[in-house]
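Trainee: Next comes entry_0.txt, compact mmCIF, C-alpha atoms:
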# COMPACT_ATOMS: atom_id res chain seq x y z
CA MET A 127 -28.41 26.38 -8.84
CA ALA A 128 -30.97 28.41 -6.87
CA SER A 129 -28.90 31.30 -5.61
CA THR A 130 -26.54 33.33 -7.75
CA PRO A 131 -22.89 33.33 -6.73
CA PRO A 132 -22.07 36.25 -4.41
CA GLN A 133 -19.47 37.86 -6.59
CA GLY A 134 -18.48 37.63 -10.22
CA ARG A 135 -18.87 34.63 -12.46
CA GLN A 136 -18.05 31.36 -10.78
CA ARG A 137 -16.67 28.51 -12.78
CA ALA A 138 -19.00 25.52 -12.93
CA ASP A 139 -16.14 23.23 -12.01
CA ALA A 140 -14.78 25.41 -9.23
CA SER A 141 -14.71 22.47 -6.83
CA MET A 142 -12.19 20.61 -8.97
CA SER A 143 -10.13 23.55 -10.07
CA LEU A 144 -6.79 21.99 -9.16
CA LEU A 145 -6.14 20.32 -12.51
CA VAL A 146 -7.58 23.25 -14.46
CA ASP A 147 -5.38 25.70 -12.54
CA LEU A 148 -2.40 23.49 -13.25
CA SER A 149 -2.83 23.66 -16.99
CA VAL A 150 -3.99 27.28 -17.14
CA ASP A 151 -1.17 28.58 -14.92
CA ALA A 152 1.40 26.27 -16.46
CA LEU A 153 3.68 29.20 -17.10
CA ASP A 154 5.16 30.53 -13.91
CA PRO A 155 3.03 33.60 -13.02
CA GLY A 156 6.33 35.27 -12.11
CA TYR A 157 7.05 35.89 -15.79
CA ALA A 158 3.84 37.85 -16.27
CA ALA A 159 4.45 39.79 -13.06
CA ALA A 160 8.00 40.67 -14.12
CA ALA A 161 6.81 41.78 -17.56
CA GLU A 162 4.17 43.93 -15.88
CA ARG A 163 6.78 45.53 -13.61
CA LYS A 164 9.06 46.23 -16.56
CA ARG A 165 6.27 47.84 -18.49
CA ALA A 166 5.38 50.00 -15.48
CA ALA A 167 9.01 51.04 -15.00
CA GLY A 168 9.36 51.67 -18.71
CA THR A 169 12.79 50.06 -18.81
CA ASP A 170 13.78 47.26 -21.15
CA ARG A 171 17.14 45.95 -19.98
CA ARG A 172 18.79 43.00 -21.66
CA PRO A 173 18.75 39.72 -19.75
CA ARG A 174 21.96 38.72 -17.99
CA TRP A 175 22.89 35.91 -20.34
CA VAL A 176 25.64 34.48 -18.18
CA LEU A 177 23.17 33.82 -15.39
CA VAL A 178 20.68 32.24 -17.78
CA GLY A 179 23.41 30.19 -19.42
CA ALA A 180 24.66 28.92 -16.09
CA THR A 181 21.15 27.87 -15.09
CA VAL A 182 20.50 26.13 -18.38
CA ALA A 183 23.86 24.36 -18.07
CA ALA A 184 22.98 23.28 -14.53
CA ALA A 185 19.58 21.99 -15.63
CA THR A 186 20.98 20.01 -18.56
CA LEU A 187 23.77 18.72 -16.34
CA VAL A 188 21.18 17.34 -13.91
CA ILE A 189 19.32 15.67 -16.77
CA ALA A 190 22.50 14.24 -18.28
CA VAL A 191 23.64 12.91 -14.90
CA ALA A 192 20.29 11.26 -14.36
CA ALA A 193 20.47 9.64 -17.79
CA VAL A 194 24.02 8.41 -17.19
CA GLN A 195 23.06 7.10 -13.76
CA THR A 196 20.06 5.19 -15.12
CA ARG A 197 22.09 3.67 -17.93
CA ALA A 198 24.80 2.65 -15.49
CA SER A 199 22.48 0.99 -13.02
CA ALA A 200 20.25 -0.87 -15.49
CA PRO A 201 22.83 -3.48 -16.58
CA ALA A 202 23.87 -3.98 -12.96
CA ALA A 203 20.31 -4.87 -11.98
CA ALA A 204 19.94 -7.22 -14.93
CA LYS A 205 23.30 -8.78 -14.16
CA SER A 206 22.50 -9.49 -10.52
CA ARG A 207 19.16 -10.95 -11.56
CA ALA A 208 20.84 -13.24 -14.08
CA ALA A 209 23.35 -14.29 -11.42
CA LEU A 210 20.53 -15.14 -9.03
CA VAL A 211 18.71 -17.16 -11.68
CA ALA A 212 21.91 -19.05 -12.48
CA ALA A 213 22.48 -19.76 -8.78
CA VAL A 214 18.93 -21.07 -8.40
CA ASP A 215 19.34 -23.33 -11.43
CA ARG A 216 22.67 -24.60 -10.15
CA GLN A 217 21.27 -25.38 -6.71
CA SER A 218 18.21 -27.10 -8.21
CA ALA A 219 20.52 -29.29 -10.28
CA THR A 220 22.51 -30.12 -7.15
CA VAL A 221 19.32 -31.05 -5.31
CA ASP A 222 18.27 -33.29 -8.20
CA ARG A 223 21.65 -34.99 -8.26
CA LEU A 224 21.63 -35.57 -4.51
CA GLU A 225 18.11 -36.96 -4.66
CA ARG A 226 19.16 -39.39 -7.37
CA THR A 227 22.04 -40.48 -5.16
CA ILE A 228 19.64 -40.97 -2.26
CA ALA A 229 17.34 -43.06 -4.42
CA GLU A 230 20.23 -45.24 -5.61
CA LEU A 231 21.57 -45.72 -2.11
CA SER A 232 18.21 -46.57 -0.61
CA ALA A 233 17.50 -49.01 -3.45
CA GLU A 234 20.82 -50.68 -2.66
CA GLN A 235 19.98 -50.67 1.03
CA ASP A 236 16.61 -52.30 0.30
CA LYS A 237 18.30 -54.97 -1.81
CA LEU A 238 20.80 -55.75 0.96
CA ARG A 239 18.03 -55.83 3.53
CA ASP A 240 15.93 -58.20 1.43
CA ALA A 241 18.93 -60.44 0.87
CA SER A 242 19.71 -60.69 4.56
CA LEU A 243 16.06 -61.23 5.50
CA ALA A 244 15.52 -63.93 2.89
CA SER A 245 17.98 -66.24 4.66
CA THR A 246 15.54 -67.12 7.49
CA GLY A 247 11.83 -68.01 7.50
CA ALA A 248 10.92 -65.30 9.99
CA GLY A 249 12.94 -62.85 7.96
CA ALA A 250 11.04 -63.75 4.78
CA ALA A 251 7.74 -63.09 6.52
CA LEU A 252 9.08 -59.75 7.72
CA ALA A 253 10.21 -58.92 4.19
CA ARG A 254 6.71 -59.53 2.90
CA ARG A 255 5.26 -57.26 5.56
CA ILE A 256 7.80 -54.60 4.70
CA ALA A 257 6.94 -54.84 1.00
CA ALA A 258 3.22 -54.48 1.74
CA ALA A 259 3.86 -51.49 4.02
CA GLU A 260 6.12 -49.83 1.45
CA LEU A 261 3.51 -50.29 -1.24
CA VAL A 262 0.94 -48.50 0.90
CA ALA A 263 3.39 -45.83 2.02
CA GLY A 264 4.32 -45.03 -1.56
CA ASN A 265 7.97 -46.03 -1.25
CA LEU A 266 7.84 -48.43 -4.18
CA ARG A 267 7.64 -47.75 -7.88
CA VAL A 268 4.28 -49.07 -9.02
CA ASP A 269 2.55 -49.64 -12.30
CA GLY A 270 -0.91 -50.60 -13.37
CA PRO A 271 -4.03 -49.35 -15.09
CA GLY A 272 -5.56 -46.07 -13.99
CA LEU A 273 -6.71 -42.63 -14.83
CA ARG A 274 -4.77 -39.66 -16.19
CA VAL A 275 -6.24 -36.26 -15.28
CA THR A 276 -4.89 -33.13 -16.94
CA VAL A 277 -5.47 -29.71 -15.38
CA ALA A 278 -3.91 -26.62 -16.93
CA ASP A 279 -4.00 -22.85 -16.72
CA ALA A 280 -6.19 -21.02 -19.21
CA SER A 281 -4.38 -19.63 -22.22
CA SER A 282 -3.76 -15.90 -22.07
CA ALA A 283 -6.21 -15.48 -24.96
CA SER A 284 -9.05 -16.80 -22.81
CA GLY A 285 -8.30 -14.68 -19.75
CA GLY A 286 -5.17 -16.32 -18.37
CA SER A 287 -6.88 -17.77 -15.28
CA ARG A 288 -4.58 -19.97 -13.25
CA VAL A 289 -5.06 -23.26 -11.51
CA LEU A 290 -5.07 -22.91 -7.73
CA ASP A 291 -3.48 -25.24 -5.22
CA ARG A 292 -6.96 -25.82 -3.78
CA GLN A 293 -8.21 -27.18 -7.10
CA LEU A 294 -5.30 -29.59 -7.40
CA GLN A 295 -5.89 -30.71 -3.81
CA ASP A 296 -9.57 -31.29 -4.60
CA VAL A 297 -8.76 -33.33 -7.69
CA VAL A 298 -6.26 -35.46 -5.76
CA ASN A 299 -8.66 -35.99 -2.88
CA ALA A 300 -11.48 -36.89 -5.28
CA LEU A 301 -9.17 -39.48 -6.86
CA TRP A 302 -8.34 -40.98 -3.46
CA THR A 303 -12.06 -41.09 -2.69
CA ALA A 304 -12.78 -42.73 -6.03
CA GLY A 305 -10.47 -45.58 -5.04
CA ALA A 306 -7.03 -44.64 -6.35
CA GLU A 307 -4.24 -46.71 -4.85
CA ALA A 308 -1.35 -44.47 -5.86
CA ILE A 309 -1.28 -40.94 -7.20
CA ALA A 310 1.43 -38.75 -8.71
CA VAL A 311 1.31 -35.11 -9.77
CA ASN A 312 3.59 -34.32 -12.71
CA ASN A 313 5.30 -37.64 -12.05
CA GLN A 314 5.90 -36.84 -8.40
CA ARG A 315 4.45 -39.47 -6.13
CA LEU A 316 2.13 -38.40 -3.34
CA THR A 317 2.17 -40.02 0.07
CA ALA A 318 0.20 -39.55 3.24
CA GLN A 319 2.59 -36.72 4.14
CA SER A 320 2.46 -34.84 0.84
CA ALA A 321 1.43 -31.23 0.65
CA ILE A 322 0.14 -29.29 -2.35
CA ARG A 323 0.20 -25.62 -1.79
CA GLN A 324 0.72 -22.30 -3.45
CA ALA A 325 3.70 -20.02 -2.92
CA GLY A 326 3.32 -16.86 -4.92
CA ASP A 327 2.81 -17.80 -8.54
CA ALA A 328 3.99 -21.36 -8.23
CA ILE A 329 2.28 -24.48 -6.99
CA LEU A 330 4.53 -26.56 -4.79
CA VAL A 331 4.06 -30.30 -4.52
CA ASP A 332 6.13 -31.47 -1.58
CA PHE A 333 8.05 -28.18 -1.78
CA ARG A 334 9.03 -28.69 -5.40
CA PRO A 335 7.63 -26.10 -7.81
CA GLN A 336 5.41 -27.47 -10.59
CA VAL A 337 4.22 -25.69 -13.70
CA SER A 338 1.06 -26.01 -15.73
CA PRO A 339 -0.10 -28.34 -17.24
CA TYR A 340 -0.50 -30.53 -14.19
CA VAL A 341 -0.83 -34.21 -15.09
CA ILE A 342 -2.27 -36.23 -12.23
CA THR A 343 -1.85 -39.95 -12.69
CA ALA A 344 -3.74 -42.34 -10.45
CA ILE A 345 -3.47 -46.11 -10.38
CA GLY A 346 -6.55 -48.11 -9.51
CA PRO A 347 -9.44 -50.01 -11.06
CA ALA A 348 -9.62 -47.86 -14.17
CA VAL A 349 -13.29 -48.11 -15.10
CA ASP A 350 -14.47 -47.74 -11.53
CA LEU A 351 -12.07 -44.84 -10.99
CA GLU A 352 -13.27 -43.04 -14.09
CA THR A 353 -16.95 -43.49 -13.22
CA LYS A 354 -16.63 -42.40 -9.64
CA PHE A 355 -14.24 -39.52 -10.32
CA GLY A 356 -16.34 -38.31 -13.23
CA ALA A 357 -19.44 -38.27 -11.03
CA SER A 358 -17.70 -36.53 -8.13
CA ARG A 359 -18.53 -32.97 -7.15
CA THR A 360 -14.93 -31.96 -7.75
CA ALA A 361 -15.08 -33.07 -11.37
CA GLU A 362 -18.38 -31.26 -11.74
CA ARG A 363 -16.85 -28.08 -10.31
CA MET A 364 -13.74 -28.39 -12.47
CA ARG A 365 -15.90 -28.82 -15.58
CA ALA A 366 -17.74 -25.63 -14.61
CA ASN A 367 -14.39 -23.86 -14.04
CA SER A 368 -13.17 -24.98 -17.41
CA GLN A 369 -16.30 -23.60 -19.07
CA LEU A 370 -16.27 -20.35 -17.10
CA TYR A 371 -12.56 -19.55 -16.99
CA GLY A 372 -11.09 -21.60 -19.80
CA LEU A 373 -9.02 -23.84 -17.52
CA ARG A 374 -8.13 -27.11 -19.11
CA PHE A 375 -9.63 -30.15 -17.42
CA ASP A 376 -9.86 -33.59 -18.94
CA TYR A 377 -9.26 -37.17 -17.93
CA ALA A 378 -8.86 -40.47 -19.68
CA ARG A 379 -8.27 -44.08 -18.74
CA ALA A 380 -4.77 -45.36 -19.24
CA GLY A 381 -3.96 -49.02 -19.69
CA ARG A 382 -0.61 -48.92 -17.97
CA LEU A 383 0.79 -46.15 -15.82
CA THR A 384 4.09 -46.18 -13.99
CA LEU A 385 4.45 -44.04 -10.90
CA PRO A 386 7.85 -43.43 -9.34
CA ALA A 387 8.56 -44.13 -5.70
CA ALA A 388 8.22 -41.25 -3.31
CA PRO A 389 11.48 -40.13 -1.74
CA ASP A 390 12.04 -41.80 1.60
CA ALA A 391 10.17 -39.94 4.27
CA THR A 392 11.94 -39.03 7.46
CA LEU A 393 10.36 -41.17 10.11
CA ARG A 394 9.45 -39.41 13.29
CA TYR A 395 8.75 -41.37 16.41
CA ALA A 396 6.79 -40.23 19.39
CA ARG A 397 8.77 -40.55 22.61
CA PRO A 398 7.41 -40.33 26.12
CA ALA A 399 8.07 -36.90 27.52
CA PRO A 400 10.64 -36.83 30.34
CA ALA A 401 8.89 -37.24 33.67
CA ALA A 402 7.73 -33.87 34.84
CA SER A 403 8.93 -32.75 38.23
CA PRO A 404 6.17 -32.26 40.83
CA ARG A 405 6.50 -28.50 40.54
CA GLY A 406 5.75 -28.71 36.87
CA ARG A 407 8.04 -27.80 34.02
CA SER A 408 11.06 -25.88 35.08
CA MET B 226 23.31 31.10 -28.90
CA ILE B 227 24.60 31.20 -25.40
CA VAL B 228 21.73 28.90 -24.40
CA LEU B 229 22.75 26.28 -26.97
CA ILE B 230 26.35 26.46 -25.75
CA ALA B 231 25.09 26.01 -22.21
CA VAL B 232 23.04 22.96 -23.21
CA ALA B 233 26.05 21.42 -24.95
CA LEU B 234 28.24 22.25 -21.96
CA GLY B 235 25.82 20.67 -19.50
CA VAL B 236 25.37 17.48 -21.51
CA SER B 237 29.07 17.04 -22.22
CA LEU B 238 29.99 17.73 -18.58
CA GLY B 239 27.54 15.05 -17.50
CA LEU B 240 28.80 12.55 -20.09
CA VAL B 241 32.50 13.23 -19.65
CA LEU B 242 32.72 13.52 -15.88
CA GLN B 243 30.16 10.76 -15.23
CA PRO B 244 29.73 11.94 -11.67
CA THR B 245 28.39 9.31 -9.30
CA VAL B 246 25.48 10.62 -7.33
CA PRO B 247 25.79 9.83 -3.62
CA LEU B 248 23.32 7.20 -2.50
CA ASP B 249 21.57 9.62 -0.16
CA LEU B 250 20.80 11.99 -3.02
CA GLN B 251 19.60 9.40 -5.50
CA PRO B 252 15.89 9.54 -4.61
CA TYR B 253 15.95 13.26 -5.43
CA LEU B 254 17.51 12.86 -8.87
CA PRO B 255 14.30 12.06 -10.79
CA ILE B 256 12.53 14.91 -8.99
CA ALA B 257 15.35 17.31 -9.85
CA VAL B 258 15.17 16.18 -13.48
CA VAL B 259 11.45 16.86 -13.69
CA ALA B 260 11.86 20.24 -11.97
CA ALA B 261 14.70 21.15 -14.34
CA LEU B 262 12.64 20.18 -17.39
CA ASP B 263 9.76 22.24 -16.04
CA ALA B 264 11.96 25.31 -15.61
CA LEU B 265 13.46 24.89 -19.09
CA PHE B 266 10.09 24.54 -20.82
CA GLY B 267 8.69 27.47 -18.82
CA GLY B 268 11.66 29.60 -19.89
CA VAL B 269 11.28 28.71 -23.56
CA ARG B 270 7.57 29.49 -23.47
CA ALA B 271 8.17 32.82 -21.73
CA TRP B 272 10.83 33.62 -24.33
CA LEU B 273 8.41 32.92 -27.16
CA GLU B 274 5.75 35.03 -25.46
CA GLU B 275 8.37 37.78 -25.09
CA ILE B 276 8.01 38.06 -21.35
CA PHE B 277 11.22 36.20 -20.50
CA ASP B 278 12.91 37.41 -17.37
CA ASP B 279 16.31 36.12 -16.30
CA ARG B 280 15.67 36.49 -12.59
CA VAL B 281 12.34 34.67 -12.70
CA PHE B 282 13.96 31.89 -14.73
CA VAL B 283 16.90 31.36 -12.37
CA VAL B 284 14.84 31.66 -9.21
CA SER B 285 12.09 29.39 -10.49
CA PHE B 286 14.62 26.70 -11.44
CA VAL B 287 16.49 26.77 -8.14
CA ALA B 288 13.32 27.06 -6.08
CA ASN B 289 11.53 24.27 -7.98
CA VAL B 290 14.41 21.85 -7.47
CA LEU B 291 14.80 22.77 -3.82
CA VAL B 292 11.11 22.69 -2.94
CA ALA B 293 10.52 19.45 -4.82
CA SER B 294 13.49 17.83 -3.07
CA LEU B 295 12.34 19.18 0.27
CA ILE B 296 8.87 17.74 -0.19
CA VAL B 297 10.34 14.35 -1.04
CA TYR B 298 12.72 14.59 1.92
CA VAL B 299 9.90 15.36 4.33
CA GLY B 300 7.82 12.61 2.69
CA ASP B 301 10.68 10.14 3.21
CA LYS B 302 10.80 11.02 6.87
CA LEU B 303 7.04 10.54 7.17
CA GLY B 304 6.97 7.32 5.16
CA VAL B 305 5.10 8.73 2.16
CA GLY B 306 8.15 9.63 0.06
CA GLY B 307 7.13 7.47 -2.91
CA GLN B 308 3.64 8.91 -3.06
CA LEU B 309 4.88 12.48 -2.75
CA SER B 310 7.43 12.04 -5.52
CA THR B 311 4.63 10.64 -7.67
CA SER B 312 2.53 13.71 -6.93
CA ILE B 313 5.39 16.02 -7.85
CA VAL B 314 5.99 14.16 -11.09
CA VAL B 315 2.27 14.40 -11.90
CA VAL B 316 2.01 18.12 -11.14
CA LEU B 317 5.22 19.11 -12.93
CA GLY B 318 4.43 16.68 -15.74
CA ILE B 319 1.12 18.41 -16.40
CA ARG B 320 2.89 21.76 -16.38
CA ILE B 321 5.57 20.57 -18.76
CA PHE B 322 2.92 19.18 -21.04
CA SER B 323 0.84 22.33 -21.21
CA ASN B 324 3.95 24.51 -21.63
CA ALA B 325 5.08 22.25 -24.45
CA ALA B 326 1.62 22.55 -25.99
CA ALA B 327 1.80 26.37 -25.76
CA ILE B 328 5.26 26.34 -27.37
CA ARG B 329 3.95 24.09 -30.11
CA ARG B 330 1.01 26.40 -30.79
CA ARG B 331 3.31 29.38 -30.96
CA VAL B 332 5.94 27.77 -33.18
CA PHE B 333 3.70 25.90 -35.60
CA ARG B 334 0.64 28.09 -35.24
CA ALA B 335 -1.47 24.96 -34.86
Any chance you could give the structure as structure tokens?

Mentor:
Amino acid sequence: MASTPPQGRQRADASMSLLVDLSVDALDPGYAAAAERKRAAGTDRRPRWVLVGATVAAATLVIAVAAVQTRASAPAAAKSRAALVAAVDRQSATVDRLERTIAELSAEQDKLRDASLASTGAGAALARRIAAAELVAGNLRVDGPGLRVTVADASSASGGSRVLDRQLQDVVNALWTAGAEAIAVNNQRLTAQSAIRQAGDAILVDFRPQVSPYVITAIGPAVDLETKFGASRTAERMRANSQLYGLRFDYARAGRLTLPAAPDATLRYARPAPAASPRGRS
Amino acid sequence: MIVLIAVALGVSLGLVLQPTVPLDLQPYLPIAVVAALDALFGGVRAWLEEIFDDRVFVVSFVANVLVASLIVYVGDKLGVGGQLSTSIVVVLGIRIFSNAAAIRRRVFRA
């Protein structure tokens, strides 16, 4: 420093004196001032113990109340959390049961439809068209040779990196591009309307949460699929990710894979809009 | 002696009566606890340094609790209540720590 401080010795760390002051003046300066006053007055009266006792009692009461309060509210929080978890599990089970019922009913419906169509020649032709359309739409259980791709989060020992929805989407799209005819993620069939996306910590496939490891099964010409997928840029990127972040990424041909049918999609039809009045929409 | 009785009285009152703190006052409870601890440790240190003064002790306790609660109250109104309570806990925590260290030095001479 070029110039000397104007008065007295200045602390080198004067600009950040807050923390230093805090620990140096930890004791209320009032005590020192009171002691100074007493010494000046030359009196040495005894403290009023009742006052001190009352204050100490008040202070410990506050602490005890806080402790009691915290103990009382902790189990309540845990309990409501457990109740919520149980409710979620129960509702998930209900959804699963209802979906099974839907699958059974629509299988029965398909059987009845096929039976009634088979009675006429035109009906049989229609049934064949329906079967072909359902195969493409993913509404039929299918099996055949294919490729099984496994993608998983890194273990916590190697950094705990997580698979992103984008990476799963890329893998699925690369498989479609490589010639896959049907794809399922963790045994959940994908259709043209499927969505893979992230919500918080979970990856949702068609709004159903999935957990790592993600097994993506694709049916198609196995050798061709493996060659093309392995040479794709997605596979290249995933291999790099697995080296960099410890994500798991591997794939292997499978002789026979069975993919479940996708749940029936709600069909939406376009309808002509009601004729607009000359003045435009009212 | 009277201090120990007071401590026992305070704890047993809290445990026996189990008073429920009104919801409006609950944010101030942790702050009051830290302020109370600060006053207690300050008092003990002053006692050991033989400069204890009853009036300073009582006033510092009451004022600490009130000012700390007031700061949190104002912070709540301005939307920075959480941050201000953190700052109070930090400041009083440092004070408690250095007072405890001074007490330790005085008691154990180390």

Trainee: List every protein, DNA or RNA residue that has an atom no more than 12 Å from (-15.4, -22.3, -17.3) in the file's coordinate frame, counting only C-alpha atoms, and report them as a list in words.

Mentor: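 All residues meeting the 12 Å criterion around (-15.4, -22.3, -17.3) are Asp279, Ala280, Ser284, Gly285, Gly286, Ser287, Arg288, Val289, Glu362, Arg363, Met364, Arg365, Ala366, Asn367, Ser368, Gln369, Leu370, Tyr371, Gly372, Leu373, Arg374 and Phe375 of chain A.
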
Trainee: Select, as a VMD selection string, those residues of chain B with any atom no more than 6 Å from chain A (distances computed using all atoms listed in the file).

Mentor: chain B and resid 228 231 to 232 235 to 236 239 258 261 267 276 279 320 323

Trainee: Which of these residues is nearest to Arg226 of chain A, using only C-alpha atoms: A:Val337, A:Thr276, A:Gly168, A:Ala387?

Mentor: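 Closest to Arg226 of chain A, using only C-alpha atoms: A:Ala387.
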
Trainee: Box time for segment 322-332 of chain A: axis-aligned, enclosing all its listed atoms, 4 Å extra on each side; report centre and edge lengths in Å to one decimal, as lines of an AutoDock Vina configuration file.

Mentor:
center_x = 3.1
center_y = -24.2
center_z = -5.1
size_x = 14.0
size_y = 22.6
size_z = 15.0

Trainee: Between B:Ser312, B:Gln251, B:Asn324, B:Asn289, single out the one closest to Arg270 of chain B, counting only C-alpha atoms.

Mentor: B:Asn324

Trainee: What is the atom CA of Asp327 of chain A-atom CA of Ala202 of chain A distance in Å, reported with one decimal?

Mentor: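 According to the coordinates, atom CA of Asp327 of chain A and atom CA of Ala202 of chain A are separated by 25.6 Å.
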
Trainee: Excluding same-chain residues fewer than 5 positions from segment 376-383 of chain A, what lies within 10 Å of it counting only C-alpha atoms, as number ranges by chain?

Mentor: A: 268-278, 341-349, 351-352, 355-356, 361, 364-365, 368

Trainee: Quick one: distance from atom CA of Ala260 of chain B to atom CA of Val316 of chain B in Å, one decimal?

Mentor: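 Between atom CA of Ala260 of chain B and atom CA of Val316 of chain B the gap works out to 10.1 Å.
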